Amino acid sequence: MDTHLFTADRAELLQLIEQQGQTIARQGQTIAQQEQLIAQLQAELAALRATGLPRDTPASGSESAATHDTPAFVKPNRPQRAKGQPRKKRAKGYARRRAQPTQRVEHALDRCPDCGCAMRGGAVKRTREVLHVPLVPVQVIEHVFIERRCPQCGKRHRPKPQEVLADVVGRHRLSTTTMALIAALREVGRWPVQTICWYLETFHALTLSVGEVVEVLHAVAKQAAGTVQRFLAELRASPVVHADETTWREEGQNGYIWVFSTPRVRYFLRRASRSGEIVNEVLGADFGGTLVSDFYGGYNRMAGQHQRCWAHLLRDVHELQEQWPAAPAVQTWTEQVHAFYQRATDYGVSHAGAKATERVAQQHALEQELLALARPYLEGEHPQRTLCQRIEHFLPELFTFIADPRVPSDNNAAERSIRPLAVSRKISGGTRSAQGSDTAAVLATIFGTWLVRLLNPFTACCRLLAPM
């Protein structure tokens, strides 16, 4: 029999027993310290209770007092109002304001309900406001064109429709107000076409087919061609332009919706390509502003000033931090990048009025400091190597917001602008024709621009369709 195994097992057991004994001794010391601390706290609590309790503190003998003492930082309960005591009046009333009445209906009893005697006159005792939205059916207006003969020359004449019908676009049978309503429900309300048809039929007794509603949207987009060109010219003259793109299917074929936005303009267009030539097509060759975008290579075609989105970079840095929780070097590097960006943005806010030369010098200093954080990981097998190489490649385009206070450090403006179309794509799957894609882009452009300018999109669309 091999006694070596028994000897080894016995040695391991003795070692384990010794370790357990040490653990028990440490736990005994901890228990003794905790008991001493508990006794000290109980003595302090008894001394505090002996000095008197607040009004909202339970009695010392209750269970609440023993286990649920109110901390010092908790605001005490306010004394409750006695039953029957009137509520304290506010210095200023906050009741809902009443609208100007458009109709007045008086209610009075003609005879006494007790004795039946006739009653007349009286005084207003109370009023009650009722808001009512009338369900107005569609008005069918028949325009009659009468031909008259000139008694002098003998020629016959009648009015031309385009001269007398100011509220009609082309040969459409819907008024400009109705067309503007349909376009607003589609773009602002984001209603499906079939829902628009249901609404018009249910609340206005107007029956329209899906095809007719779609034709209305095409007509509005056609009328807006000149307005879109003016918005594009204003976009190209802006000092800062945000750009982004998202997928858009047309008749089952993949393509892209592009958005270019400023604080005053939203410009959309659909293209089958994601090429950087789209950027030059929209902004033009003589664009002198700053383009804010993510790190997609298509934006590299723009030769002017550039600012890359820090939100995208920090999002990837955060994902890297979550993927490598047990790597101290990765955790330290990601925290340094976050702290560095916070310091850079703090400088941009606190030195908004600094001289241009000072801000440019600070831009170069920040570039070198960030490059120093990335340089140790540019080569070799490091988890952060890809992000460090991105930082090195786009370094001159990361701190434009320091040199120019008008430029933001992120591309959130473009992402917020394109989000409604991205949601629409997920619901509808895209459009079914090139005309449908162009109409979607034009409507998104005009309504998005009206909204960002704080204009009422319905009234703005009415003015677009009937400029009088």
# chains A, B, ... in the order shown; residues from 1 in each chain; ligands from 1
>>> residues_around(residues="Leu200 of chain A", least_positions_apart="6", cutoff="12 Å", atoms="only C-alpha atoms", output="list in words")
Leu135, Val136, Pro137, Val138, Thr178, Met179, Leu181, Ile182, Leu185, Val193, Gln194, Leu206, Thr207, Leu208, Ser209, Val210 and Val213 of chain A
>>> residues_around(residues="Ile418 of chain A", least_positions_apart="6", cutoff="12 Å", atoms="only C-alpha atoms", output="PDB file with N, CA and C atoms, in the first residue's frame")
ATOM      1  N   HIS A 242     -23.801  70.180 -40.371  1.00  0.00           N
ATOM      2  CA  HIS A 242     -23.751  68.809 -39.874  1.00  0.00           C
ATOM      3  C   HIS A 242     -24.241  67.868 -40.975  1.00  0.00           C
ATOM      4  N   ALA A 243     -23.642  66.691 -41.076  1.00  0.00           N
ATOM      5  CA  ALA A 243     -24.017  65.732 -42.114  1.00  0.00           C
ATOM      6  C   ALA A 243     -24.108  64.329 -41.529  1.00  0.00           C
ATOM      7  N   ASP A 244     -25.058  63.570 -42.051  1.00  0.00           N
ATOM      8  CA  ASP A 244     -25.215  62.176 -41.646  1.00  0.00           C
ATOM      9  C   ASP A 244     -25.997  61.461 -42.736  1.00  0.00           C
ATOM     10  N   GLU A 245     -26.035  60.148 -42.687  1.00  0.00           N
ATOM     11  CA  GLU A 245     -26.760  59.361 -43.686  1.00  0.00           C
ATOM     12  C   GLU A 245     -27.286  58.090 -43.036  1.00  0.00           C
ATOM     13  N   THR A 246     -28.367  57.556 -43.614  1.00  0.00           N
ATOM     14  CA  THR A 246     -28.930  56.309 -43.147  1.00  0.00           C
ATOM     15  C   THR A 246     -29.484  55.552 -44.340  1.00  0.00           C
ATOM     16  N   THR A 247     -29.633  54.256 -44.195  1.00  0.00           N
ATOM     17  CA  THR A 247     -30.103  53.439 -45.313  1.00  0.00           C
ATOM     18  C   THR A 247     -31.553  53.759 -45.652  1.00  0.00           C
ATOM     19  N   TRP A 248     -31.893  53.613 -46.939  1.00  0.00           N
ATOM     20  CA  TRP A 248     -33.264  53.850 -47.409  1.00  0.00           C
ATOM     21  C   TRP A 248     -33.492  52.975 -48.630  1.00  0.00           C
ATOM     22  N   TYR A 256     -29.573  55.354 -49.806  1.00  0.00           N
ATOM     23  CA  TYR A 256     -29.283  56.144 -48.609  1.00  0.00           C
ATOM     24  C   TYR A 256     -30.045  57.463 -48.652  1.00  0.00           C
ATOM     25  N   ILE A 257     -30.499  57.874 -47.480  1.00  0.00           N
ATOM     26  CA  ILE A 257     -31.017  59.222 -47.273  1.00  0.00           C
ATOM     27  C   ILE A 257     -29.916  60.018 -46.575  1.00  0.00           C
ATOM     28  N   TRP A 258     -29.545  61.140 -47.164  1.00  0.00           N
ATOM     29  CA  TRP A 258     -28.539  62.021 -46.592  1.00  0.00           C
ATOM     30  C   TRP A 258     -29.226  63.223 -45.959  1.00  0.00           C
ATOM     31  N   VAL A 259     -28.650  63.725 -44.886  1.00  0.00           N
ATOM     32  CA  VAL A 259     -29.159  64.937 -44.255  1.00  0.00           C
ATOM     33  C   VAL A 259     -27.994  65.886 -44.007  1.00  0.00           C
ATOM     34  N   PHE A 260     -28.232  67.149 -44.309  1.00  0.00           N
ATOM     35  CA  PHE A 260     -27.280  68.226 -44.019  1.00  0.00           C
ATOM     36  C   PHE A 260     -28.063  69.290 -43.255  1.00  0.00           C
ATOM     37  N   SER A 261     -27.596  69.620 -42.076  1.00  0.00           N
ATOM     38  CA  SER A 261     -28.388  70.488 -41.210  1.00  0.00           C
ATOM     39  C   SER A 261     -27.539  71.604 -40.626  1.00  0.00           C
ATOM     40  N   ARG A 266     -32.748  72.279 -42.637  1.00  0.00           N
ATOM     41  CA  ARG A 266     -32.645  70.817 -42.721  1.00  0.00           C
ATOM     42  C   ARG A 266     -32.798  70.447 -44.190  1.00  0.00           C
ATOM     43  N   TYR A 267     -31.767  69.823 -44.744  1.00  0.00           N
ATOM     44  CA  TYR A 267     -31.785  69.481 -46.169  1.00  0.00           C
ATOM     45  C   TYR A 267     -31.583  67.981 -46.318  1.00  0.00           C
ATOM     46  N   PHE A 268     -32.536  67.317 -47.001  1.00  0.00           N
ATOM     47  CA  PHE A 268     -32.508  65.870 -47.203  1.00  0.00           C
ATOM     48  C   PHE A 268     -32.467  65.575 -48.701  1.00  0.00           C
ATOM     49  N   LEU A 269     -31.832  64.462 -49.039  1.00  0.00           N
ATOM     50  CA  LEU A 269     -31.902  63.953 -50.400  1.00  0.00           C
ATOM     51  C   LEU A 269     -31.599  62.459 -50.382  1.00  0.00           C
ATOM     52  N   ASN A 411     -21.956  65.464 -33.419  1.00  0.00           N
ATOM     53  CA  ASN A 411     -22.811  65.525 -34.601  1.00  0.00           C
ATOM     54  C   ASN A 411     -24.264  65.225 -34.247  1.00  0.00           C
ATOM     55  N   ASN A 412     -24.660  65.575 -33.036  1.00  0.00           N
ATOM     56  CA  ASN A 412     -26.008  65.254 -32.589  1.00  0.00           C
ATOM     57  C   ASN A 412     -27.078  65.959 -33.415  1.00  0.00           C
ATOM     58  N   SER A 424     -39.361  56.070 -39.845  1.00  0.00           N
ATOM     59  CA  SER A 424     -40.294  55.832 -40.946  1.00  0.00           C
ATOM     60  C   SER A 424     -39.835  54.675 -41.825  1.00  0.00           C
ATOM     61  N   ARG A 425     -38.532  54.580 -42.066  1.00  0.00           N
ATOM     62  CA  ARG A 425     -38.006  53.469 -42.881  1.00  0.00           C
ATOM     63  C   ARG A 425     -38.262  52.130 -42.207  1.00  0.00           C
ATOM     64  N   ALA A 441     -37.946  63.216 -49.455  1.00  0.00           N
ATOM     65  CA  ALA A 441     -36.818  64.085 -49.113  1.00  0.00           C
ATOM     66  C   ALA A 441     -37.223  65.557 -49.118  1.00  0.00           C
ATOM     67  N   ALA A 444     -39.509  66.280 -46.098  1.00  0.00           N
ATOM     68  CA  ALA A 444     -38.696  66.311 -44.878  1.00  0.00           C
ATOM     69  C   ALA A 444     -37.874  67.593 -44.813  1.00  0.00           C
ATOM     70  N   THR A 445     -37.424  68.090 -45.958  1.00  0.00           N
ATOM     71  CA  THR A 445     -36.630  69.319 -45.989  1.00  0.00           C
ATOM     72  C   THR A 445     -37.452  70.525 -45.581  1.00  0.00           C
ATOM     73  N   GLY A 448     -39.030  70.065 -41.950  1.00  0.00           N
ATOM     74  CA  GLY A 448     -37.973  70.099 -40.955  1.00  0.00           C
ATOM     75  C   GLY A 448     -37.412  71.494 -40.771  1.00  0.00           C
TER      76      GLY A 448
END
>>> residues_around(residues="segment 295-308 of chain A", least_positions_apart="2", cutoff="8 Å", atoms="only C-alpha atoms", output="list in words")
Arg274, Ser275, Gly276, Glu277, Val279, Asn280, Phe287, Gly288, Gly289, Thr290, Leu291, Val292, Ser293, Trp310, His312, Phe394, Glu397, Leu398, Phe399, Thr400, Phe401, Val407, Ser409, Asp410 and Asn411 of chain A
>>> select_by_dssp(residues="segment 60-243 of chain A", states="helix (DSSP H, G or I)", output="PDB file with C-alpha atoms, in the first residue's frame")
ATOM      1  CA  GLU A  63     -40.085  49.425  16.925  1.00  0.00           C
ATOM      2  CA  SER A  64     -39.858  52.332  14.461  1.00  0.00           C
ATOM      3  CA  ALA A  65     -37.574  54.258  16.768  1.00  0.00           C
ATOM      4  CA  ALA A  66     -35.232  51.320  17.138  1.00  0.00           C
ATOM      5  CA  THR A  67     -34.939  50.441  13.474  1.00  0.00           C
ATOM      6  CA  PRO A 161     -59.165  79.260 -63.647  1.00  0.00           C
ATOM      7  CA  GLN A 162     -55.573  80.137 -62.741  1.00  0.00           C
ATOM      8  CA  GLU A 163     -56.571  83.782 -62.392  1.00  0.00           C
ATOM      9  CA  VAL A 164     -59.605  83.386 -60.139  1.00  0.00           C
ATOM     10  CA  THR A 176     -54.597  74.437 -50.845  1.00  0.00           C
ATOM     11  CA  THR A 177     -55.711  74.339 -47.201  1.00  0.00           C
ATOM     12  CA  THR A 178     -56.765  70.711 -47.544  1.00  0.00           C
ATOM     13  CA  MET A 179     -53.516  69.810 -49.300  1.00  0.00           C
ATOM     14  CA  ALA A 180     -51.511  71.564 -46.574  1.00  0.00           C
ATOM     15  CA  LEU A 181     -53.487  69.651 -43.938  1.00  0.00           C
ATOM     16  CA  ILE A 182     -52.669  66.318 -45.606  1.00  0.00           C
ATOM     17  CA  ALA A 183     -48.977  67.188 -45.919  1.00  0.00           C
ATOM     18  CA  ALA A 184     -48.810  68.338 -42.271  1.00  0.00           C
ATOM     19  CA  LEU A 185     -50.480  65.171 -41.016  1.00  0.00           C
ATOM     20  CA  ARG A 186     -48.007  63.142 -43.026  1.00  0.00           C
ATOM     21  CA  GLU A 187     -44.814  64.977 -42.026  1.00  0.00           C
ATOM     22  CA  VAL A 193     -51.467  57.449 -45.745  1.00  0.00           C
ATOM     23  CA  GLN A 194     -54.302  55.075 -44.872  1.00  0.00           C
ATOM     24  CA  THR A 195     -54.687  56.747 -41.468  1.00  0.00           C
ATOM     25  CA  ILE A 196     -54.985  60.128 -43.195  1.00  0.00           C
ATOM     26  CA  CYS A 197     -57.734  58.700 -45.425  1.00  0.00           C
ATOM     27  CA  TRP A 198     -59.570  57.359 -42.353  1.00  0.00           C
ATOM     28  CA  TYR A 199     -59.319  60.689 -40.553  1.00  0.00           C
ATOM     29  CA  LEU A 200     -60.674  62.712 -43.463  1.00  0.00           C
ATOM     30  CA  GLU A 201     -63.576  60.317 -44.010  1.00  0.00           C
ATOM     31  CA  THR A 202     -64.466  59.967 -40.312  1.00  0.00           C
ATOM     32  CA  PHE A 203     -64.256  63.580 -39.190  1.00  0.00           C
ATOM     33  CA  HIS A 204     -64.876  65.530 -42.403  1.00  0.00           C
ATOM     34  CA  VAL A 210     -54.621  56.263 -51.107  1.00  0.00           C
ATOM     35  CA  GLY A 211     -53.431  57.184 -54.580  1.00  0.00           C
ATOM     36  CA  GLU A 212     -55.059  60.616 -54.410  1.00  0.00           C
ATOM     37  CA  VAL A 213     -53.384  61.380 -51.066  1.00  0.00           C
ATOM     38  CA  VAL A 214     -50.034  60.318 -52.525  1.00  0.00           C
ATOM     39  CA  GLU A 215     -50.605  62.618 -55.516  1.00  0.00           C
ATOM     40  CA  VAL A 216     -51.282  65.469 -53.116  1.00  0.00           C
ATOM     41  CA  LEU A 217     -47.920  64.859 -51.449  1.00  0.00           C
ATOM     42  CA  HIS A 218     -46.211  64.828 -54.860  1.00  0.00           C
ATOM     43  CA  ALA A 219     -47.911  68.124 -55.749  1.00  0.00           C
ATOM     44  CA  VAL A 220     -46.768  69.789 -52.516  1.00  0.00           C
ATOM     45  CA  ALA A 221     -43.202  68.597 -53.137  1.00  0.00           C
ATOM     46  CA  LYS A 222     -43.322  69.966 -56.689  1.00  0.00           C
ATOM     47  CA  GLN A 223     -44.526  73.362 -55.481  1.00  0.00           C
ATOM     48  CA  ALA A 225     -38.878  73.093 -55.569  1.00  0.00           C
ATOM     49  CA  GLY A 226     -37.951  76.765 -55.435  1.00  0.00           C
ATOM     50  CA  THR A 227     -38.097  76.851 -51.639  1.00  0.00           C
ATOM     51  CA  VAL A 228     -35.773  73.851 -51.416  1.00  0.00           C
ATOM     52  CA  GLN A 229     -33.239  75.567 -53.671  1.00  0.00           C
ATOM     53  CA  ARG A 230     -33.288  78.645 -51.434  1.00  0.00           C
ATOM     54  CA  PHE A 231     -32.729  76.442 -48.388  1.00  0.00           C
ATOM     55  CA  LEU A 232     -29.803  74.762 -50.169  1.00  0.00           C
ATOM     56  CA  ALA A 233     -28.191  78.123 -50.960  1.00  0.00           C
ATOM     57  CA  GLU A 234     -28.555  79.144 -47.326  1.00  0.00           C
ATOM     58  CA  LEU A 235     -27.049  75.817 -46.262  1.00  0.00           C
ATOM     59  CA  ARG A 236     -23.969  76.324 -48.444  1.00  0.00           C
TER      60      ARG A 236
END
